[in-house]
>>> print(open('model.csv').read())   # CSV, C-alpha atoms
chain,number,residue,atom,x,y,z
A,162,MET,CA,104.5,-156.6,85.2
A,163,LYS,CA,102.1,-155.5,82.5
A,164,ARG,CA,102.9,-151.8,83.2
A,165,ILE,CA,106.6,-152.5,82.7
A,166,GLY,CA,106.0,-154.1,79.3
A,167,THR,CA,103.7,-151.1,78.3
A,168,ALA,CA,106.4,-148.6,79.5
A,169,ILE,CA,109.1,-150.4,77.5
A,170,ALA,CA,106.8,-150.5,74.4
A,171,LEU,CA,106.1,-146.8,74.8
A,172,LEU,CA,109.8,-145.9,75.1
A,173,VAL,CA,110.6,-148.0,72.0
A,174,ALA,CA,107.8,-146.2,70.1
A,175,MET,CA,109.1,-142.8,71.2
A,176,ALA,CA,112.6,-143.7,70.2
A,177,ILE,CA,111.5,-144.8,66.8
A,178,GLY,CA,109.3,-141.7,66.3
A,179,THR,CA,112.3,-139.4,67.0
A,180,GLY,CA,114.8,-141.2,64.9
A,181,CYS,CA,116.8,-142.4,67.8
A,182,PRO,CA,117.5,-146.0,66.6
A,183,LEU,CA,119.8,-144.7,63.9
A,184,ASN,CA,121.8,-142.7,66.5
A,185,LEU,CA,121.8,-145.7,68.8
A,186,ALA,CA,123.3,-148.0,66.2
A,187,ILE,CA,126.6,-149.4,67.4
A,188,VAL,CA,129.6,-148.3,65.3
A,189,SER,CA,132.6,-150.6,64.8
A,190,ILE,CA,136.0,-149.0,64.9
A,191,PRO,CA,138.4,-151.9,64.0
A,192,ASP,CA,141.6,-149.9,64.5
A,193,PRO,CA,142.2,-149.9,68.3
A,194,VAL,CA,144.4,-146.7,68.2
A,195,LEU,CA,141.7,-144.8,66.3
A,196,GLU,CA,139.1,-146.0,68.7
A,197,ALA,CA,141.2,-144.9,71.7
A,198,ALA,CA,141.7,-141.5,70.1
A,199,ILE,CA,137.9,-141.1,69.6
A,200,ARG,CA,137.1,-142.3,73.1
A,201,GLU,CA,139.6,-139.9,74.5
A,202,GLU,CA,138.1,-136.9,72.6
A,203,LEU,CA,134.6,-137.9,73.6
A,204,GLY,CA,135.4,-138.8,77.2
A,205,LEU,CA,133.9,-142.2,76.8
A,206,PRO,CA,136.5,-144.8,78.1
A,207,LEU,CA,134.1,-147.7,78.2
A,208,GLY,CA,131.0,-149.1,76.5
A,209,PHE,CA,129.9,-149.3,72.9
A,210,LEU,CA,130.4,-146.3,70.6
A,211,THR,CA,127.2,-145.4,68.8
A,212,ARG,CA,126.5,-143.3,65.8
A,213,GLY,CA,125.1,-140.6,68.1
A,214,ASP,CA,128.5,-140.6,69.9
A,215,LEU,CA,130.3,-140.1,66.6
A,216,LEU,CA,127.9,-137.3,65.6
A,217,ARG,CA,129.0,-135.4,68.7
A,218,LEU,CA,132.6,-135.5,67.5
A,219,ARG,CA,133.6,-132.1,66.2
A,220,GLN,CA,137.4,-132.4,66.2
A,221,LEU,CA,139.8,-135.2,66.4
A,222,ASP,CA,143.5,-134.7,66.9
A,223,ALA,CA,145.1,-138.1,66.3
A,224,HIS,CA,148.5,-136.5,65.5
A,225,GLY,CA,151.4,-138.8,66.4
A,226,LYS,CA,149.2,-141.6,67.7
A,227,ALA,CA,151.6,-143.6,65.6
A,228,GLY,CA,149.6,-146.6,64.7
A,229,ILE,CA,146.3,-145.7,63.1
A,230,SER,CA,146.2,-147.5,59.8
A,231,ASP,CA,142.4,-148.0,59.3
A,232,LEU,CA,139.8,-145.2,59.3
A,233,THR,CA,136.8,-147.5,59.1
A,234,GLY,CA,134.0,-146.2,61.2
A,235,LEU,CA,135.1,-142.6,61.1
A,236,GLU,CA,132.6,-142.1,58.2
A,237,ASN,CA,130.0,-141.8,60.9
A,238,ALA,CA,131.5,-138.7,62.4
A,239,THR,CA,129.9,-136.4,59.8
A,240,ASN,CA,130.0,-133.4,62.1
A,241,LEU,CA,133.8,-133.4,62.3
A,242,THR,CA,135.3,-130.0,61.3
A,243,PHE,CA,138.9,-130.6,62.3
A,244,LEU,CA,140.9,-133.8,61.7
A,245,ASP,CA,144.6,-134.3,62.2
A,246,LEU,CA,145.9,-137.8,61.2
A,247,SER,CA,149.5,-136.7,60.6
A,248,GLY,CA,152.3,-139.2,61.4
A,249,ASN,CA,150.1,-142.3,61.2
A,250,PRO,CA,150.6,-145.2,58.7
A,251,ILE,CA,147.3,-144.5,56.9
A,252,SER,CA,147.1,-145.3,53.2
A,253,ASP,CA,143.4,-145.3,52.6
A,254,ILE,CA,141.3,-142.2,53.4
A,255,THR,CA,138.1,-143.4,51.7
A,256,PRO,CA,136.1,-143.3,55.0
A,257,ILE,CA,136.5,-139.6,55.3
A,258,ALA,CA,134.8,-139.0,51.9
A,259,SER,CA,131.5,-138.6,53.8
A,260,LEU,CA,132.8,-135.9,56.3
A,261,ILE,CA,131.1,-133.1,54.5
A,262,ASN,CA,131.5,-130.6,57.3
A,263,LEU,CA,135.3,-131.1,57.4
A,264,LEU,CA,137.1,-127.7,57.3
A,265,ASN,CA,140.7,-128.6,58.3
A,266,LEU,CA,142.5,-131.9,57.4
A,267,ASN,CA,146.1,-132.8,58.2
A,268,ILE,CA,147.5,-136.0,56.6
A,269,ASP,CA,151.2,-135.0,56.8
A,270,GLY,CA,153.6,-137.9,57.0
A,271,THR,CA,151.1,-140.6,56.1
A,272,ASP,CA,151.1,-143.2,53.4
A,273,VAL,CA,148.2,-141.7,51.6
A,274,PHE,CA,148.6,-141.9,47.8
A,275,GLU,CA,145.0,-141.3,46.6
A,276,LEU,CA,143.3,-138.0,47.3
A,277,SER,CA,140.0,-138.8,45.4
A,278,PRO,CA,138.0,-139.0,48.7
A,279,LEU,CA,138.6,-135.2,49.1
A,280,ALA,CA,136.9,-134.3,45.8
A,281,GLY,CA,133.5,-133.9,47.4
A,282,LEU,CA,134.6,-132.3,50.7
A,283,THR,CA,133.6,-128.8,49.5
A,284,ASN,CA,133.7,-127.2,52.9
A,285,LEU,CA,137.4,-128.0,53.2
A,286,ASP,CA,139.5,-124.8,53.5
A,287,SER,CA,142.8,-126.1,54.8
A,288,LEU,CA,144.6,-129.2,53.7
A,289,SER,CA,148.1,-130.2,54.7
A,290,ALA,CA,149.5,-133.2,52.8
A,291,CYS,CA,153.2,-132.9,53.2
A,292,GLY,CA,155.3,-136.1,53.0
A,293,THR,CA,152.5,-138.2,51.6
A,294,LEU,CA,152.7,-140.5,48.6
A,295,ALA,CA,150.2,-138.5,46.5
A,296,THR,CA,151.3,-137.6,43.0
A,297,ASP,CA,147.9,-136.7,41.5
A,298,ILE,CA,146.0,-133.7,42.9
A,299,GLN,CA,143.2,-133.7,40.3
A,300,PRO,CA,140.7,-134.4,43.1
A,301,LEU,CA,141.6,-131.0,44.6
A,302,VAL,CA,140.9,-129.4,41.3
A,303,THR,CA,137.5,-131.2,41.2
A,304,ASN,CA,136.9,-130.0,44.7
A,305,SER,CA,137.6,-126.4,43.7
A,306,VAL,CA,135.5,-126.6,40.5
A,307,ASN,CA,132.6,-127.9,42.6
A,308,GLY,CA,132.7,-124.8,44.8
A,309,GLY,CA,135.1,-126.0,47.4
A,310,LEU,CA,138.7,-124.9,47.6
A,311,GLY,CA,138.9,-121.2,46.6
A,312,THR,CA,139.9,-117.8,47.7
A,313,GLY,CA,141.8,-117.7,51.0
A,314,ASP,CA,142.0,-121.5,51.4
A,315,PHE,CA,145.3,-123.2,52.1
A,316,VAL,CA,146.8,-126.4,50.6
A,317,ASN,CA,150.3,-127.7,51.6
A,318,LEU,CA,151.8,-130.3,49.3
A,319,SER,CA,155.0,-132.1,48.6
A,320,CYS,CA,155.4,-130.5,45.2
A,321,SER,CA,158.6,-132.4,44.3
A,322,SER,CA,156.7,-135.7,44.6
A,323,LEU,CA,153.8,-134.6,42.4
A,324,SER,CA,153.3,-135.5,38.7
A,325,ASP,CA,154.1,-133.0,35.9
A,326,GLN,CA,150.3,-132.6,35.4
A,327,ALA,CA,150.0,-131.5,39.0
A,328,ASN,CA,152.9,-129.1,39.0
A,329,ASP,CA,152.3,-127.7,35.5
A,330,PHE,CA,148.5,-127.4,35.4
A,331,ASP,CA,146.7,-128.3,38.7
A,332,ILE,CA,148.7,-126.1,41.1
A,333,PRO,CA,148.4,-123.1,38.8
A,334,PHE,CA,144.6,-123.8,38.5
A,335,LEU,CA,144.2,-123.9,42.2
A,336,GLN,CA,146.2,-120.7,42.6
A,337,SER,CA,144.1,-119.0,39.9
A,338,ALA,CA,141.0,-119.9,42.0
A,339,GLY,CA,142.6,-118.1,45.0
A,340,VAL,CA,144.0,-121.1,46.8
A,341,ASN,CA,147.2,-120.5,48.7
A,342,VAL,CA,149.3,-123.5,47.6
A,343,VAL,CA,152.5,-124.0,49.6
A,344,CYS,CA,155.2,-126.5,48.6
A,345,CYS,CA,156.7,-128.2,51.6
A,346,GLY,CA,159.9,-130.3,51.7
A,347,SER,CA,159.6,-133.8,50.2
>>> encode(input="model.csv", output="structure tokens")
Amino acid sequence: MKRIGTAIALLVAMAIGTGCPLNLAIVSIPDPVLEAAIREELGLPLGFLTRGDLLRLRQLDAHGKAGISDLTGLENATNLTFLDLSGNPISDITPIASLINLLNLNIDGTDVFELSPLAGLTNLDSLSACGTLATDIQPLVTNSVNGGLGTGDFVNLSCSSLSDQANDFDIPFLQSAGVNVVCCGS
């Protein structure tokens, strides 16, 4: 019995020494449709989802899952490079602000109105935000100024829904930085 206790103590010490506890932390995904999409992508139908599991997530295609409304927990998937949330009733994308490796984001047909979580995602090179409620694209300008969106990158926007500031100044600024801005139907 003493050997088992020693072995467990040794395993715990090894885990702490390698930083494993942080990756073993259980992650809560309150939205059941988002959790199901993550589980499907990871091939983990049962059990707890850990931070380590979410770190293995490189892409998530939740297009048309029609029901994702809360992205809480997704902030732990910091290795995501591709994220498609189109067609879901999402309004708050704050949790994706920490996804610094994100390259491609599709939020077409969502209820997103605030793009400020995208300001710091400087690896982003493709954004599609057609049919959203966003009127202000200043966060995309900030992203570009900070070394993000630039030559050869793509941004699709519902230009007819944007503010005068966005259409008269922000889009021309992005275009002058080399961003391909495409206006899609409203």
>>> atom_distance(input="model.csv", atom1="CA of Thr312 in chain A", atom2="CA of Asn328 in chain A")
19.3 Å
>>> residues_around(input="model.csv", residues="Pro193 in chain A", least_positions_apart="4", cutoff="10 Å", atoms="only C-alpha atoms", output="ChimeraX atom specification")
/A:197-199,228-231
>>> atom_distance(input="model.csv", atom1="CA of Asn265 in chain A", atom2="CA of Gly311 in chain A")
14.0 Å
>>> residues_around(input="model.csv", residues="range 282-292 of chain A", least_positions_apart="3", cutoff="6 Å", atoms="only C-alpha atoms", output="number ranges by chain")
A: 261-270, 279, 304, 309-310, 314-319, 347
>>> atom_distance(input="model.csv", atom1="CA of Gln336 in chain A", atom2="CA of Leu301 in chain A")
11.5 Å
>>> closest_residue(input="model.csv", among="A:Ile251, A:Ala280, A:Ala295, A:Ile257", to="Asn237 in chain A", atoms="only C-alpha atoms")
A:Ile257
>>> closest_residue(input="model.csv", among="A:Ser277, A:Ser189, A:Thr303, A:Thr233", to="Phe334 in chain A", atoms="all atoms listed in the file")
A:Thr303
>>> build_atoms(input="model.csv", residues="range 238-268 of chain A", atoms="N, CA and C atoms", output="PDB file, in the frame of the given file")
ATOM      1  N   ALA A 238     131.293-139.957  61.668  1.00  0.00           N
ATOM      2  CA  ALA A 238     131.500-138.700  62.400  1.00  0.00           C
ATOM      3  C   ALA A 238     131.336-137.519  61.448  1.00  0.00           C
ATOM      4  N   THR A 239     130.138-137.420  60.898  1.00  0.00           N
ATOM      5  CA  THR A 239     129.900-136.400  59.800  1.00  0.00           C
ATOM      6  C   THR A 239     129.841-134.988  60.314  1.00  0.00           C
ATOM      7  N   ASN A 240     129.943-134.751  61.602  1.00  0.00           N
ATOM      8  CA  ASN A 240     130.000-133.400  62.100  1.00  0.00           C
ATOM      9  C   ASN A 240     131.434-132.924  62.397  1.00  0.00           C
ATOM     10  N   LEU A 241     132.414-133.765  62.067  1.00  0.00           N
ATOM     11  CA  LEU A 241     133.800-133.400  62.300  1.00  0.00           C
ATOM     12  C   LEU A 241     134.144-132.154  61.414  1.00  0.00           C
ATOM     13  N   THR A 242     134.819-131.187  62.023  1.00  0.00           N
ATOM     14  CA  THR A 242     135.300-130.000  61.300  1.00  0.00           C
ATOM     15  C   THR A 242     136.817-129.971  61.249  1.00  0.00           C
ATOM     16  N   PHE A 243     137.469-130.632  62.196  1.00  0.00           N
ATOM     17  CA  PHE A 243     138.900-130.600  62.300  1.00  0.00           C
ATOM     18  C   PHE A 243     139.407-132.070  62.464  1.00  0.00           C
ATOM     19  N   LEU A 244     140.350-132.488  61.622  1.00  0.00           N
ATOM     20  CA  LEU A 244     140.900-133.800  61.700  1.00  0.00           C
ATOM     21  C   LEU A 244     142.369-133.827  61.418  1.00  0.00           C
ATOM     22  N   ASP A 245     143.157-134.246  62.396  1.00  0.00           N
ATOM     23  CA  ASP A 245     144.600-134.300  62.200  1.00  0.00           C
ATOM     24  C   ASP A 245     145.016-135.793  62.375  1.00  0.00           C
ATOM     25  N   LEU A 246     145.448-136.366  61.270  1.00  0.00           N
ATOM     26  CA  LEU A 246     145.900-137.800  61.200  1.00  0.00           C
ATOM     27  C   LEU A 246     147.375-137.872  60.952  1.00  0.00           C
ATOM     28  N   SER A 247     148.076-136.767  61.025  1.00  0.00           N
ATOM     29  CA  SER A 247     149.500-136.700  60.600  1.00  0.00           C
ATOM     30  C   SER A 247     150.317-137.727  61.460  1.00  0.00           C
ATOM     31  N   GLY A 248     151.336-138.273  60.783  1.00  0.00           N
ATOM     32  CA  GLY A 248     152.300-139.200  61.400  1.00  0.00           C
ATOM     33  C   GLY A 248     151.763-140.583  61.659  1.00  0.00           C
ATOM     34  N   ASN A 249     150.673-140.957  61.018  1.00  0.00           N
ATOM     35  CA  ASN A 249     150.100-142.300  61.200  1.00  0.00           C
ATOM     36  C   ASN A 249     150.294-143.066  59.837  1.00  0.00           C
ATOM     37  N   PRO A 250     150.423-144.390  59.895  1.00  0.00           N
ATOM     38  CA  PRO A 250     150.600-145.200  58.700  1.00  0.00           C
ATOM     39  C   PRO A 250     149.336-145.454  57.897  1.00  0.00           C
ATOM     40  N   ILE A 251     148.582-144.400  57.659  1.00  0.00           N
ATOM     41  CA  ILE A 251     147.300-144.500  56.900  1.00  0.00           C
ATOM     42  C   ILE A 251     147.611-144.448  55.440  1.00  0.00           C
ATOM     43  N   SER A 252     146.999-145.348  54.671  1.00  0.00           N
ATOM     44  CA  SER A 252     147.100-145.300  53.200  1.00  0.00           C
ATOM     45  C   SER A 252     145.798-144.987  52.542  1.00  0.00           C
ATOM     46  N   ASP A 253     144.707-145.401  53.155  1.00  0.00           N
ATOM     47  CA  ASP A 253     143.400-145.300  52.600  1.00  0.00           C
ATOM     48  C   ASP A 253     142.527-144.293  53.366  1.00  0.00           C
ATOM     49  N   ILE A 254     142.165-143.165  52.750  1.00  0.00           N
ATOM     50  CA  ILE A 254     141.300-142.200  53.400  1.00  0.00           C
ATOM     51  C   ILE A 254     139.883-142.209  52.937  1.00  0.00           C
ATOM     52  N   THR A 255     139.509-143.277  52.252  1.00  0.00           N
ATOM     53  CA  THR A 255     138.100-143.400  51.700  1.00  0.00           C
ATOM     54  C   THR A 255     137.068-143.114  52.772  1.00  0.00           C
ATOM     55  N   PRO A 256     137.194-143.592  54.015  1.00  0.00           N
ATOM     56  CA  PRO A 256     136.100-143.300  55.000  1.00  0.00           C
ATOM     57  C   PRO A 256     135.849-141.855  55.272  1.00  0.00           C
ATOM     58  N   ILE A 257     136.788-140.966  54.991  1.00  0.00           N
ATOM     59  CA  ILE A 257     136.500-139.600  55.300  1.00  0.00           C
ATOM     60  C   ILE A 257     135.758-138.852  54.157  1.00  0.00           C
ATOM     61  N   ALA A 258     135.479-139.559  53.065  1.00  0.00           N
ATOM     62  CA  ALA A 258     134.800-139.000  51.900  1.00  0.00           C
ATOM     63  C   ALA A 258     133.381-138.446  52.330  1.00  0.00           C
ATOM     64  N   SER A 259     132.806-138.980  53.401  1.00  0.00           N
ATOM     65  CA  SER A 259     131.500-138.600  53.800  1.00  0.00           C
ATOM     66  C   SER A 259     131.494-137.455  54.881  1.00  0.00           C
ATOM     67  N   LEU A 260     132.653-136.971  55.230  1.00  0.00           N
ATOM     68  CA  LEU A 260     132.800-135.900  56.300  1.00  0.00           C
ATOM     69  C   LEU A 260     132.579-134.555  55.667  1.00  0.00           C
ATOM     70  N   ILE A 261     131.360-134.282  55.236  1.00  0.00           N
ATOM     71  CA  ILE A 261     131.100-133.100  54.500  1.00  0.00           C
ATOM     72  C   ILE A 261     131.239-131.770  55.225  1.00  0.00           C
ATOM     73  N   ASN A 262     131.327-131.830  56.533  1.00  0.00           N
ATOM     74  CA  ASN A 262     131.500-130.600  57.300  1.00  0.00           C
ATOM     75  C   ASN A 262     133.000-130.336  57.626  1.00  0.00           C
ATOM     76  N   LEU A 263     133.875-131.186  57.127  1.00  0.00           N
ATOM     77  CA  LEU A 263     135.300-131.100  57.400  1.00  0.00           C
ATOM     78  C   LEU A 263     135.867-129.761  56.846  1.00  0.00           C
ATOM     79  N   LEU A 264     136.504-128.975  57.704  1.00  0.00           N
ATOM     80  CA  LEU A 264     137.100-127.700  57.300  1.00  0.00           C
ATOM     81  C   LEU A 264     138.637-127.851  57.223  1.00  0.00           C
ATOM     82  N   ASN A 265     139.239-128.536  58.194  1.00  0.00           N
ATOM     83  CA  ASN A 265     140.700-128.600  58.300  1.00  0.00           C
ATOM     84  C   ASN A 265     141.107-130.108  58.348  1.00  0.00           C
ATOM     85  N   LEU A 266     142.031-130.483  57.463  1.00  0.00           N
ATOM     86  CA  LEU A 266     142.500-131.900  57.400  1.00  0.00           C
ATOM     87  C   LEU A 266     144.039-131.841  57.317  1.00  0.00           C
ATOM     88  N   ASN A 267     144.682-132.612  58.198  1.00  0.00           N
ATOM     89  CA  ASN A 267     146.100-132.800  58.200  1.00  0.00           C
ATOM     90  C   ASN A 267     146.458-134.239  57.999  1.00  0.00           C
ATOM     91  N   ILE A 268     147.090-134.579  56.870  1.00  0.00           N
ATOM     92  CA  ILE A 268     147.500-136.000  56.600  1.00  0.00           C
ATOM     93  C   ILE A 268     149.034-135.995  56.368  1.00  0.00           C
TER      94      ILE A 268
END
